[in-house]
Every structure is written in C-alpha cells, then in structure tokens.
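Visitor: See query.pdb below, with PDB, C-alpha atoms.
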```
MODEL        1
ATOM      1  CA  MET A   1       0.000   0.000   0.000
ATOM      2  CA  LYS A   2       1.304   3.439  -0.921
ATOM      3  CA  PHE A   3       1.753   6.161   1.667
ATOM      4  CA  GLY A   4      -0.499   9.189   1.722
ATOM      5  CA  ALA A   5       1.288  12.189   0.200
ATOM      6  CA  ALA A   6       1.365  14.288   3.357
ATOM      7  CA  ILE A   7       2.918  14.938   6.717
ATOM      8  CA  THR A   8       0.391  16.303   9.173
ATOM      9  CA  ASP A   9      -0.112  16.930  12.886
ATOM     10  CA  ALA A  10      -2.535  16.420  15.753
ATOM     11  CA  GLU A  11      -4.496  18.764  17.953
ATOM     12  CA  GLY A  12      -3.328  17.761  21.418
ATOM     13  CA  LEU A  13      -1.296  15.522  23.686
ATOM     14  CA  ARG A  14      -2.882  12.250  22.494
ATOM     15  CA  LEU A  15      -4.839  11.300  19.389
ATOM     16  CA  THR A  16      -8.592  11.497  19.546
ATOM     17  CA  ALA A  17     -10.718   8.636  18.234
ATOM     18  CA  GLU A  18     -11.604  10.854  15.278
ATOM     19  CA  GLU A  19      -7.960  11.515  14.462
ATOM     20  CA  LYS A  20      -7.065   7.847  14.758
ATOM     21  CA  ALA A  21      -9.818   6.917  12.312
ATOM     22  CA  LEU A  22      -8.729   9.599   9.822
ATOM     23  CA  PHE A  23      -5.072   8.593   9.907
ATOM     24  CA  ARG A  24      -5.923   4.898   9.659
ATOM     25  CA  LYS A  25      -7.973   5.590   6.539
ATOM     26  CA  MET A  26      -5.631   8.059   4.780
ATOM     27  CA  ASN A  27      -2.226   6.628   5.863
ATOM     28  CA  PRO A  28      -0.161   9.863   5.764
ATOM     29  CA  PHE A  29       3.550   9.347   5.209
ATOM     30  CA  GLY A  30       4.409  10.808   8.600
ATOM     31  CA  PHE A  31       3.627  13.309  11.324
ATOM     32  CA  ILE A  32       5.061  16.445  12.906
ATOM     33  CA  LEU A  33       4.975  17.590  16.531
ATOM     34  CA  PHE A  34       4.488  21.087  17.940
ATOM     35  CA  ALA A  35       4.734  22.530  21.451
ATOM     36  CA  ARG A  36       1.022  21.851  22.020
ATOM     37  CA  ASN A  37       1.758  18.130  21.536
ATOM     38  CA  ILE A  38       4.514  18.021  24.148
ATOM     39  CA  ASP A  39       4.171  17.742  27.921
ATOM     40  CA  THR A  40       6.051  14.883  29.583
ATOM     41  CA  ALA A  41       8.472  12.248  28.322
ATOM     42  CA  ASP A  42       5.973   9.433  28.730
ATOM     43  CA  GLN A  43       3.239  11.454  27.040
ATOM     44  CA  VAL A  44       5.412  12.211  23.973
ATOM     45  CA  ARG A  45       6.334   8.540  23.650
ATOM     46  CA  ALA A  46       2.667   7.568  23.944
ATOM     47  CA  LEU A  47       1.647  10.088  21.270
ATOM     48  CA  CYS A  48       4.326   8.751  18.906
ATOM     49  CA  ASP A  49       2.966   5.262  19.574
ATOM     50  CA  ASP A  50      -0.538   6.566  18.792
ATOM     51  CA  PHE A  51       0.594   7.840  15.394
ATOM     52  CA  ARG A  52       2.330   4.604  14.463
ATOM     53  CA  GLU A  53      -0.512   2.436  15.672
ATOM     54  CA  ALA A  54      -2.991   4.497  13.644
ATOM     55  CA  VAL A  55      -1.170   3.917  10.343
ATOM     56  CA  GLY A  56       0.010   0.418  11.230
ATOM     57  CA  ARG A  57       3.710   0.954  10.514
ATOM     58  CA  ASP A  58       6.885   2.600  11.761
ATOM     59  CA  CYS A  59       6.135   5.959  10.165
ATOM     60  CA  PRO A  60       8.559   8.883  10.518
ATOM     61  CA  ILE A  61       7.736  11.482  13.150
ATOM     62  CA  THR A  62       9.473  14.817  12.715
ATOM     63  CA  VAL A  63       9.811  18.077  14.622
ATOM     64  CA  ASP A  64      11.503  21.489  14.416
ATOM     65  CA  GLN A  65      14.335  21.095  16.908
ATOM     66  CA  GLU A  66      16.982  23.451  15.543
ATOM     67  CA  GLY A  67      17.962  24.694  18.996
ATOM     68  CA  GLY A  68      17.736  28.312  20.023
ATOM     69  CA  ARG A  69      14.480  30.099  19.247
ATOM     70  CA  VAL A  70      13.096  27.238  17.162
ATOM     71  CA  GLN A  71      12.889  24.131  19.291
ATOM     72  CA  ARG A  72       9.667  22.411  20.295
ATOM     73  CA  LEU A  73      11.117  20.337  23.127
ATOM     74  CA  ARG A  74      12.370  22.479  26.006
ATOM     75  CA  GLU A  75      13.767  21.877  29.459
ATOM     76  CA  PRO A  76      13.421  19.544  31.263
ATOM     77  CA  LEU A  77      12.893  17.345  28.178
ATOM     78  CA  ALA A  78      15.749  18.810  26.130
ATOM     79  CA  ARG A  79      18.786  21.054  26.396
ATOM     80  CA  GLU A  80      18.317  24.790  25.732
ATOM     81  CA  TRP A  81      20.779  25.634  22.974
ATOM     82  CA  LEU A  82      22.289  28.847  21.675
ATOM     83  CA  PRO A  83      20.879  29.989  18.315
ATOM     84  CA  PRO A  84      22.672  28.051  15.544
ATOM     85  CA  LEU A  85      24.453  31.099  14.087
ATOM     86  CA  ASP A  86      25.754  32.126  17.518
ATOM     87  CA  HIS A  87      26.874  28.553  18.197
ATOM     88  CA  ALA A  88      28.757  28.237  14.909
ATOM     89  CA  GLU A  89      30.398  31.649  15.222
ATOM     90  CA  ARG A  90      31.541  31.079  18.816
ATOM     91  CA  ALA A  91      33.050  27.730  17.839
ATOM     92  CA  GLY A  92      35.162  29.405  15.145
ATOM     93  CA  GLU A  93      37.456  26.958  13.363
ATOM     94  CA  ALA A  94      35.945  24.107  15.379
ATOM     95  CA  ALA A  95      32.432  24.894  14.107
ATOM     96  CA  GLU A  96      31.990  21.698  12.088
ATOM     97  CA  ARG A  97      32.827  19.431  15.005
ATOM     98  CA  ALA A  98      30.903  21.560  17.492
ATOM     99  CA  MET A  99      27.776  21.560  15.354
ATOM    100  CA  TYR A 100      28.101  17.826  14.747
ATOM    101  CA  LEU A 101      28.159  17.213  18.497
ATOM    102  CA  ARG A 102      25.258  19.607  19.091
ATOM    103  CA  TYR A 103      23.013  17.762  16.661
ATOM    104  CA  ARG A 104      24.256  14.335  17.696
ATOM    105  CA  LEU A 105      23.044  15.175  21.203
ATOM    106  CA  ILE A 106      19.780  16.552  19.822
ATOM    107  CA  ALA A 107      19.275  13.356  17.820
ATOM    108  CA  HIS A 108      19.843  11.304  20.965
ATOM    109  CA  GLU A 109      17.188  13.337  22.795
ATOM    110  CA  LEU A 110      14.678  12.988  19.960
ATOM    111  CA  ARG A 111      15.102   9.237  19.581
ATOM    112  CA  SER A 112      14.581   8.750  23.310
ATOM    113  CA  TYR A 113      11.020  10.053  22.841
ATOM    114  CA  GLY A 114      10.230   8.143  19.639
ATOM    115  CA  ILE A 115      10.946  11.059  17.276
ATOM    116  CA  ASP A 116      13.104   9.990  14.328
ATOM    117  CA  SER A 117      13.268  12.993  12.009
ATOM    118  CA  ASN A 118      14.213  16.646  12.412
ATOM    119  CA  CYS A 119      13.722  19.639  10.139
ATOM    120  CA  ALA A 120      17.438  20.461   9.901
ATOM    121  CA  PRO A 121      20.020  21.220   8.581
ATOM    122  CA  MET A 122      19.031  24.703   7.497
ATOM    123  CA  LEU A 123      21.188  25.591   4.503
ATOM    124  CA  ASP A 124      20.038  29.164   3.968
ATOM    125  CA  ILE A 125      22.847  31.745   3.838
ATOM    126  CA  ALA A 126      22.623  34.607   6.335
ATOM    127  CA  ARG A 127      22.885  38.026   4.718
ATOM    128  CA  GLU A 128      22.739  41.611   5.891
ATOM    129  CA  GLY A 129      19.070  41.918   4.955
ATOM    130  CA  THR A 130      17.903  38.447   6.049
ATOM    131  CA  HIS A 131      14.726  38.776   8.096
ATOM    132  CA  VAL A 132      15.187  38.376  11.843
ATOM    133  CA  PHE A 133      12.852  35.346  11.915
ATOM    134  CA  LEU A 134      15.468  33.429   9.928
ATOM    135  CA  LYS A 135      18.871  35.041  10.378
ATOM    136  CA  ASN A 136      20.218  33.577  13.615
ATOM    137  CA  ARG A 137      18.889  30.165  12.629
ATOM    138  CA  CYS A 138      21.440  30.071   9.775
ATOM    139  CA  TYR A 139      24.933  28.584  10.038
ATOM    140  CA  GLY A 140      26.947  31.322   8.369
ATOM    141  CA  HIS A 141      27.356  33.966   5.682
ATOM    142  CA  ASP A 142      29.328  32.002   3.083
ATOM    143  CA  ALA A 143      28.004  29.208   0.861
ATOM    144  CA  ASN A 144      30.969  26.873   1.328
ATOM    145  CA  HIS A 145      30.975  27.389   5.085
ATOM    146  CA  VAL A 146      27.226  26.747   5.317
ATOM    147  CA  ALA A 147      27.625  23.568   3.259
ATOM    148  CA  ARG A 148      30.398  22.244   5.527
ATOM    149  CA  ILE A 149      28.419  22.970   8.680
ATOM    150  CA  GLY A 150      25.290  21.549   7.077
ATOM    151  CA  ARG A 151      27.077  18.297   6.300
ATOM    152  CA  ALA A 152      28.204  17.991   9.912
ATOM    153  CA  VAL A 153      24.682  18.691  11.160
ATOM    154  CA  ALA A 154      23.203  16.094   8.808
ATOM    155  CA  GLN A 155      25.739  13.479   9.876
ATOM    156  CA  GLY A 156      25.012  14.130  13.534
ATOM    157  CA  HIS A 157      21.382  13.329  12.850
ATOM    158  CA  LEU A 158      22.079  10.230  10.774
ATOM    159  CA  ASP A 159      24.520   8.826  13.344
ATOM    160  CA  GLY A 160      21.791   9.300  15.930
ATOM    161  CA  GLY A 161      19.177   7.434  13.895
ATOM    162  CA  VAL A 162      17.278  10.598  12.948
ATOM    163  CA  LEU A 163      16.378  11.549   9.366
ATOM    164  CA  PRO A 164      17.505  15.094   8.515
ATOM    165  CA  VAL A 165      15.289  17.368   6.414
ATOM    166  CA  MET A 166      17.346  20.095   4.746
ATOM    167  CA  LYS A 167      15.630  23.425   4.355
ATOM    168  CA  HIS A 168      14.620  25.704   2.702
ATOM    169  CA  MET A 169      15.203  24.702  -0.934
ATOM    170  CA  PRO A 170      16.430  26.341  -3.082
ATOM    171  CA  GLY A 171      17.424  29.041  -0.549
ATOM    172  CA  HIS A 172      15.634  31.363   1.873
ATOM    173  CA  GLY A 173      18.433  33.647   3.029
ATOM    174  CA  ARG A 174      17.543  36.561   0.767
ATOM    175  CA  SER A 175      14.108  36.844   2.328
ATOM    176  CA  THR A 176      13.514  40.220   3.973
ATOM    177  CA  LEU A 177      10.012  39.131   5.016
ATOM    178  CA  ASP A 178       8.635  36.481   7.357
ATOM    179  CA  THR A 179       6.923  33.843   5.213
ATOM    180  CA  HIS A 180       4.578  32.998   8.060
ATOM    181  CA  PHE A 181       2.864  36.265   7.100
ATOM    182  CA  ASP A 182       4.205  37.589   3.761
ATOM    183  CA  LEU A 183       5.513  36.385   0.391
ATOM    184  CA  PRO A 184       9.115  37.479  -0.317
ATOM    185  CA  HIS A 185      10.464  38.077  -3.830
ATOM    186  CA  VAL A 186      14.020  37.559  -5.078
ATOM    187  CA  ASP A 187      15.119  39.252  -8.305
ATOM    188  CA  LEU A 188      18.456  37.522  -9.005
ATOM    189  CA  SER A 189      19.083  35.505 -12.149
ATOM    190  CA  LEU A 190      19.389  31.731 -12.203
ATOM    191  CA  GLU A 191      23.118  32.066 -12.858
ATOM    192  CA  GLU A 192      23.623  34.316  -9.828
ATOM    193  CA  LEU A 193      21.583  32.033  -7.590
ATOM    194  CA  GLU A 194      23.487  28.932  -8.698
ATOM    195  CA  GLN A 195      26.742  30.511  -7.500
ATOM    196  CA  SER A 196      25.316  31.490  -4.126
ATOM    197  CA  ASP A 197      22.024  30.400  -2.587
ATOM    198  CA  PHE A 198      21.748  27.082  -4.426
ATOM    199  CA  ALA A 199      25.322  25.958  -3.682
ATOM    200  CA  PRO A 200      24.858  24.484  -0.173
ATOM    201  CA  PHE A 201      21.876  22.449  -1.354
ATOM    202  CA  ARG A 202      23.847  21.124  -4.319
ATOM    203  CA  ALA A 203      26.655  20.106  -1.947
ATOM    204  CA  LEU A 204      24.181  18.107   0.162
ATOM    205  CA  ASN A 205      21.959  16.805  -2.636
ATOM    206  CA  ASP A 206      22.459  13.226  -1.428
ATOM    207  CA  LEU A 207      20.393  13.773   1.725
ATOM    208  CA  PRO A 208      17.109  11.863   1.981
ATOM    209  CA  MET A 209      14.626  14.721   2.434
ATOM    210  CA  GLY A 210      14.332  18.433   1.731
ATOM    211  CA  MET A 211      11.801  21.196   2.352
ATOM    212  CA  THR A 212      10.825  23.957  -0.057
ATOM    213  CA  ALA A 213      10.876  27.721   0.468
ATOM    214  CA  HIS A 214       7.820  29.931   0.033
ATOM    215  CA  LEU A 215       9.693  32.532  -2.041
ATOM    216  CA  VAL A 216       9.148  33.896  -5.544
ATOM    217  CA  PHE A 217      12.295  33.850  -7.695
ATOM    218  CA  GLU A 218      11.064  36.463 -10.142
ATOM    219  CA  LYS A 219      13.508  35.853 -13.000
ATOM    220  CA  ILE A 220      12.639  32.155 -13.085
ATOM    221  CA  ASP A 221       8.900  32.039 -12.348
ATOM    222  CA  ALA A 222       6.160  34.276 -10.956
ATOM    223  CA  GLN A 223       4.859  31.464  -8.713
ATOM    224  CA  PRO A 224       6.259  30.745  -5.228
ATOM    225  CA  ALA A 225       8.840  27.953  -5.376
ATOM    226  CA  THR A 226       6.625  25.524  -3.451
ATOM    227  CA  VAL A 227       3.948  25.575  -6.169
ATOM    228  CA  SER A 228       6.213  26.294  -9.161
ATOM    229  CA  ALA A 229       6.966  23.499 -11.612
ATOM    230  CA  LYS A 230       9.905  25.547 -12.909
ATOM    231  CA  MET A 231      11.428  25.884  -9.451
ATOM    232  CA  ILE A 232      10.945  22.213  -8.611
ATOM    233  CA  GLU A 233      12.698  21.426 -11.889
ATOM    234  CA  VAL A 234      15.555  23.693 -10.784
ATOM    235  CA  ILE A 235      15.773  21.728  -7.524
ATOM    236  CA  ARG A 236      15.801  18.432  -9.407
ATOM    237  CA  GLN A 237      18.036  19.395 -12.321
ATOM    238  CA  ASN A 238      20.276  22.308 -11.308
ATOM    239  CA  ILE A 239      20.682  21.348  -7.658
ATOM    240  CA  GLY A 240      20.549  17.632  -8.485
ATOM    241  CA  PHE A 241      18.311  16.624  -5.593
ATOM    242  CA  ASP A 242      16.484  13.320  -6.097
ATOM    243  CA  GLY A 243      15.386  12.940  -2.491
ATOM    244  CA  LEU A 244      11.905  13.390  -1.094
ATOM    245  CA  ILE A 245      10.679  16.976  -1.536
ATOM    246  CA  MET A 246       8.217  18.166   1.078
ATOM    247  CA  THR A 247       6.650  21.593   1.172
ATOM    248  CA  ASP A 248       7.195  24.039   3.960
ATOM    249  CA  ASP A 249       3.976  24.362   5.966
ATOM    250  CA  ILE A 250       1.329  24.793   3.302
ATOM    251  CA  SER A 251      -0.842  26.879   5.647
ATOM    252  CA  MET A 252       1.686  29.721   6.021
ATOM    253  CA  LYS A 253       0.349  33.107   4.942
ATOM    254  CA  ALA A 254       2.980  33.544   2.215
ATOM    255  CA  LEU A 255       0.724  31.369   0.046
ATOM    256  CA  SER A 256      -2.805  32.237  -1.042
ATOM    257  CA  GLY A 257      -5.587  29.662  -1.140
ATOM    258  CA  SER A 258      -6.977  26.877   0.967
ATOM    259  CA  ALA A 259      -4.610  24.275   2.391
ATOM    260  CA  ALA A 260      -6.198  21.571   0.250
ATOM    261  CA  GLU A 261      -5.925  23.631  -2.952
ATOM    262  CA  LEU A 262      -2.313  24.587  -2.255
ATOM    263  CA  SER A 263      -1.378  21.018  -1.370
ATOM    264  CA  LEU A 264      -2.676  19.805  -4.710
ATOM    265  CA  LYS A 265      -0.869  22.618  -6.565
ATOM    266  CA  ALA A 266       2.393  21.715  -4.837
ATOM    267  CA  LEU A 267       2.103  18.063  -5.871
ATOM    268  CA  GLN A 268       1.187  19.061  -9.416
ATOM    269  CA  ALA A 269       4.304  21.264  -9.486
ATOM    270  CA  GLY A 270       6.465  18.278  -8.570
ATOM    271  CA  CYS A 271       6.678  18.174  -4.771
ATOM    272  CA  ASP A 272       6.400  14.642  -3.396
ATOM    273  CA  ILE A 273       4.453  15.418  -0.223
ATOM    274  CA  THR A 274       2.790  18.347   1.459
ATOM    275  CA  LEU A 275       3.456  19.472   5.023
ATOM    276  CA  HIS A 276       0.250  20.667   6.646
ATOM    277  CA  CYS A 277       0.395  22.160  10.130
ATOM    278  CA  ASN A 278      -1.828  23.924  12.625
ATOM    279  CA  GLY A 279      -5.137  23.452  10.853
ATOM    280  CA  SER A 280      -8.461  22.245  12.144
ATOM    281  CA  PHE A 281      -9.486  18.603  11.990
ATOM    282  CA  THR A 282     -11.582  19.453   8.933
ATOM    283  CA  ASP A 283      -8.563  21.096   7.279
ATOM    284  CA  ARG A 284      -6.455  17.998   7.878
ATOM    285  CA  ALA A 285      -9.105  15.727   6.447
ATOM    286  CA  GLU A 286      -9.497  17.916   3.356
ATOM    287  CA  VAL A 287      -5.741  18.020   2.744
ATOM    288  CA  LEU A 288      -5.336  14.263   3.119
ATOM    289  CA  GLU A 289      -8.254  13.651   0.779
ATOM    290  CA  ALA A 290      -6.931  16.131  -1.786
ATOM    291  CA  VAL A 291      -3.395  14.720  -1.988
ATOM    292  CA  GLY A 292      -4.312  11.026  -1.915
ATOM    293  CA  GLU A 293      -1.528   8.496  -2.335
ATOM    294  CA  MET A 294       2.034   9.192  -3.376
ATOM    295  CA  SER A 295       3.087   8.947  -6.994
ATOM    296  CA  ASP A 296       5.351   6.046  -7.927
ATOM    297  CA  ASP A 297       8.412   8.327  -7.913
ATOM    298  CA  ALA A 298       7.471   9.849  -4.567
ATOM    299  CA  GLN A 299       6.962   6.388  -3.070
ATOM    300  CA  ARG A 300      10.413   5.349  -4.297
ATOM    301  CA  ARG A 301      11.974   8.428  -2.733
ATOM    302  CA  ALA A 302      10.060   7.901   0.508
ATOM    303  CA  GLU A 303      11.217   4.300   0.779
ATOM    304  CA  HIS A 304      14.805   5.375   0.075
ATOM    305  CA  ALA A 305      14.570   7.994   2.832
ATOM    306  CA  LEU A 306      13.234   5.471   5.323
ATOM    307  CA  ALA A 307      16.072   3.091   4.457
ATOM    308  CA  MET A 308      18.511   5.757   5.701
ATOM    309  CA  ARG A 309      16.893   5.695   9.164
ATOM    310  CA  LYS A 310      19.416   3.538  11.001
ATOM    311  CA  THR A 311      19.811   2.192  14.515
ATOM    312  CA  PRO A 312      21.732   4.901  16.404
ATOM    313  CA  ALA A 313      25.441   4.451  16.944
ATOM    314  CA  GLU A 314      26.609   4.273  20.544
ATOM    315  CA  LEU A 315      27.079   7.683  22.185
ATOM    316  CA  ASP A 316      29.054   8.537  25.307
ATOM    317  CA  ILE A 317      26.952  11.520  26.366
ATOM    318  CA  GLU A 318      29.321  12.779  29.065
ATOM    319  CA  ALA A 319      32.280  12.652  26.691
ATOM    320  CA  ALA A 320      30.328  14.398  23.911
ATOM    321  CA  GLU A 321      29.216  17.167  26.259
ATOM    322  CA  ALA A 322      32.725  17.595  27.646
ATOM    323  CA  GLU A 323      34.251  17.844  24.160
ATOM    324  CA  LEU A 324      31.605  20.297  23.049
ATOM    325  CA  SER A 325      32.187  22.448  26.116
ATOM    326  CA  ARG A 326      35.932  22.535  25.374
ATOM    327  CA  LEU A 327      35.334  23.530  21.768
ATOM    328  CA  MET A 328      32.948  26.298  22.873
ATOM    329  CA  ASN A 329      34.973  27.534  25.860
ATOM    330  CA  GLY A 330      32.056  26.566  28.059
ATOM    331  CA  GLN A 331      29.510  28.712  26.165
ATOM    332  CA  VAL A 332      27.289  25.919  24.827
ATOM    333  CA  TYR A 333      23.792  26.441  26.145
ATOM    334  CA  ASP A 334      21.382  29.369  26.318
ATOM    335  CA  GLY A 335      20.867  30.834  29.761
TER     336      GLY A 335
ENDMDL
END
```
Take the structure in the file and write it out as structure tokens.
Guide:
Amino acid sequence: MKFGAAITDAEGLRLTAEEKALFRKMNPFGFILFARNIDTADQVRALCDDFREAVGRDCPITVDQEGGRVQRLREPLAREWLPPLDHAERAGEAAERAMYLRYRLIAHELRSYGIDSNCAPMLDIAREGTHVFLKNRCYGHDANHVARIGRAVAQGHLDGGVLPVMKHMPGHGRSTLDTHFDLPHVDLSLEELEQSDFAPFRALNDLPMGMTAHLVFEKIDAQPATVSAKMIEVIRQNIGFDGLIMTDDISMKALSGSAAELSLKALQAGCDITLHCNGSFTDRAEVLEAVGEMSDDAQRRAEHALAMRKTPAELDIEAAEAELSRLMNGQVYDG
C-alpha cells in the first residue's frame, strides 16, 4: 500500500478517536509535533505510539528542533541551545565538530522520545538583509561554510538514527520578510543564484529529504517555489536533488488559497508530499483527501529515505558534552 502524500499533525497531547480513524484511513507518510503536543516524556512517547498504531507501521515522526528560538522540546525534556548562528560563530574553526556534536546530542534526545526525524540542517545563507525570523537560525554567511556545517549537522542526525530534512530549498536567506505572514520576492538571475544560494543544497543533494521555500524567484517564475513546476525542476536538475521533496507548511500566509488547494498545486508542481500544520481537523481531512496516495516516484523516494533511518550508533553523552564544552569555551547552552 502506498503512503499518503502528506505529513500532518494532531491537535493535542494524544490522538482522539476521530484523528485515529482519519489517519488509519488516509495513511499519511508521517507526522510532525508542535509545542502543544509536548508535555512529559511518557506522554510524547505515547503520542508517537498513537501515530504509528494508527497507520500500522513505523512511520517517521518529525519536529523542528533546531535549537535556540526554534525548538519544540524544552527543558526539562531537552537542552536549551544557543541559536545556531551564535553557536557556529563562537566555535570558530571548530564549528563543524561543534555543530556535529550539538546535533548528535539533539538526535539522541529525539530518539529517546520516539521522534526519528528533524527539520534540519538549514542551509540558507545569512545576509545583511535576512529577516530576523530566519537570520540567527542560519549557520553562516558564506556558501561553502554553510555547506560544511550543514554536512556535519546532517551526519550528527544520521549517526543518531534521525532523518535530517534540509531546508529551505532552493534558498531562503535573501528573504527580507517572514513567510509565516508575507511572500518574499528575489530578483536575481538563475546564474547568480546557482553561485550562491543554491550551492549548499547542491553540496548536500544526497540527503534523503528536503523542504521547499515559500519565495518567488522572479527571473525564473512568478509562482512561489513551493507551487512552481519551474522551481521544482531547478531543484531536481540544477541542484541535483532526487530525495523526497516536502513543502514548507502549506498553511503559512505567504501562500494564497486553501490548504487543500495549495497542497494539490504543490504536488502538481512536482513536490512529493505536502506538510500541513496547525489546521483544524476538517482542514487535515481535506488536505489528506486532496493529496491522496504518493506517486510512484514519490513512493520510491520515501522508501529510500526510510532506508537511511538507522539504529543509532553508541554515544558517550558525558564525553560528547565535555568535548563540546571545550570547543565552545564553556559557552554551549542558552541561559
């Protein structure tokens, strides 16, 4: 049986009978957690079990756990990290190793609760005009540097048995607006973008999953990348990414239209699955009905991604924390 072409969420701390029935029927590829879904360790594990029982398989469960401002699990369930850009800059020449250790520890935390995917690494390049909602979540200001850090972050996840989702393809760093509320436009040519914004994604095009950006690249297409066949072709051909493409949250205000309509447009443009968050139960049902099952190519990519979800390697937590503290001169955590 094919997976449903969506990742979706739940309303609360456990699945309702109505949600269980919907997910059993529509079989979404996976699920995503938000702060409203997180209370205690046992509760998070039970909710993850609910999701997997509903679809009858070991489906991926993802989260936004970048560390810093964007992390759904907080103390006492998880460490409180510096923003990624601050962390990388303070580590200096040791940034690759320091960021590897950071995300290896994050992966260990996530797996302990039944979460086996994370929406990271973020390969957007920080620039002078990058909107504040994004800027300190980046890893640096140079494409090669961002790619090196991104590779270390991805490997930290994979070694910890967590599937990384690189974001936001094909590059979000030039956004001067917050896509939760507005639609940014970029006016650079394809050639200029290939030498800059696209480069980190090309360097990591072997990763299993990637998330789109809700930006308009005006000199390529008038449609936002998430729903643009031309931009998805750029991701496939110019960046060379043959992994599973998921949308950024389809309900963000950068896009116009209902979640179900936009989800269908994204799949028609070439995305493999839609990410739908923070809607009502009716919204979720409409999205899952609209997208239906994965295409053959999407199913192949999904199965390849799942095959990269390995049993975690052994981790000496005390040694990892001690090494990270040395690399950071003791300035590891926020607060």
Visitor: Take the PyMOL selection byres ((chain A and resi 323-335) around 6), apply it to the structure above, and return the hits as number ranges by chain.
Guide: A: 80-82, 91, 98, 320-322
Visitor: Using all atoms listed in the file, which of A:Leu190, A:Leu47, A:Met169, A:Ile61 sits nearest Ile232 of chain A?
Guide: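 Going through A:Leu190, A:Leu47, A:Met169, A:Ile61 one by one, the smallest distance to Ile232 of chain A is for A:Met169.
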Visitor: For Asp9 of chain A, which residue out of A:Glu89, A:Glu293, A:Glu192, A:Asp249 is the nearest one, using only C-alpha atoms?
Guide: A:Asp249
Visitor: Please determine the residues with any atom at most 10 Å from (-0.8, 5.3, 16.2) (coordinates as given in the file, with all atoms listed in the file counting) and report them as a VMD selection string.
Guide: chain A and resid 14 to 15 19 to 21 23 to 24 46 to 59
Visitor: Report the residues retrieved by the PyMOL selection byres ((chain A and resi 84) around 9) from the displayed file, expressed as a list in words.
Guide: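 Listing what the PyMOL selection byres ((chain A and resi 84) around 9) selects in the shown file: Glu66, Gly67, Gly68, Trp81, Leu82, Pro83, Leu85, Asp86, His87, Ala88, Glu89, Met99, Asn136, Arg137, Cys138, Tyr139 and Gly140 of chain A.
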Visitor: Report as a Markdown table the residues of segment 104-188 of chain A within 6 Å of segment 310-318 of chain A, each with its shortest atom pair and distance in Å (one decimal), using only C-alpha atoms, ordered by chain and increasing residue number.
Guide:
```
| residue | atom | partner | partner_atom | distance |
| --- | --- | --- | --- | --- |
| A:Asp159 | CA | A:Pro312 | CA | 5.7 |
| A:Gly160 | CA | A:Pro312 | CA | 4.4 |
| A:Gly161 | CA | A:Pro312 | CA | 4.4 |
```
Visitor: Using the atoms already present, construct N, CA, C and O atoms for segment 93-105 of chain A and hand them back as a tab-separated table (two decimals), keeping the file's coordinate frame.
Guide:
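The file below, out_19.tsv, is the result:
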```tsv
chain	number	residue	atom	x	y	z
A	93	GLU	N	36.91	27.99	14.24
A	93	GLU	CA	37.46	26.96	13.36
A	93	GLU	C	36.97	25.56	13.74
A	93	GLU	O	37.08	24.63	12.93
A	94	ALA	N	36.46	25.41	14.94
A	94	ALA	CA	35.94	24.11	15.38
A	94	ALA	C	34.45	23.97	15.11
A	94	ALA	O	33.82	23.05	15.63
A	95	ALA	N	33.88	24.85	14.29
A	95	ALA	CA	32.43	24.89	14.11
A	95	ALA	C	31.85	23.58	13.58
A	95	ALA	O	30.79	23.14	14.03
A	96	GLU	N	32.54	22.94	12.64
A	96	GLU	CA	31.99	21.70	12.09
A	96	GLU	C	31.85	20.63	13.17
A	96	GLU	O	30.80	20.00	13.30
A	97	ARG	N	32.88	20.44	13.95
A	97	ARG	CA	32.83	19.43	15.00
A	97	ARG	C	31.83	19.83	16.09
A	97	ARG	O	31.06	18.99	16.59
A	98	ALA	N	31.81	21.10	16.45
A	98	ALA	CA	30.90	21.56	17.49
A	98	ALA	C	29.45	21.39	17.07
A	98	ALA	O	28.60	20.98	17.87
A	99	MET	N	29.16	21.69	15.82
A	99	MET	CA	27.78	21.56	15.35
A	99	MET	C	27.40	20.09	15.17
A	99	MET	O	26.25	19.70	15.39
A	100	TYR	N	28.37	19.27	14.79
A	100	TYR	CA	28.10	17.83	14.75
A	100	TYR	C	27.68	17.34	16.13
A	100	TYR	O	26.68	16.63	16.29
A	101	LEU	N	28.45	17.68	17.14
A	101	LEU	CA	28.16	17.21	18.50
A	101	LEU	C	26.82	17.75	18.99
A	101	LEU	O	26.06	17.03	19.64
A	102	ARG	N	26.55	19.00	18.71
A	102	ARG	CA	25.26	19.61	19.09
A	102	ARG	C	24.11	18.77	18.56
A	102	ARG	O	23.18	18.40	19.30
A	103	TYR	N	24.15	18.46	17.27
A	103	TYR	CA	23.01	17.76	16.66
A	103	TYR	C	23.06	16.26	16.91
A	103	TYR	O	22.01	15.60	16.85
A	104	ARG	N	24.22	15.74	17.26
A	104	ARG	CA	24.26	14.34	17.70
A	104	ARG	C	23.55	14.20	19.04
A	104	ARG	O	22.83	13.22	19.27
A	105	LEU	N	23.73	15.17	19.91
A	105	LEU	CA	23.04	15.18	21.20
A	105	LEU	C	21.54	15.43	21.02
A	105	LEU	O	20.72	14.81	21.70
```
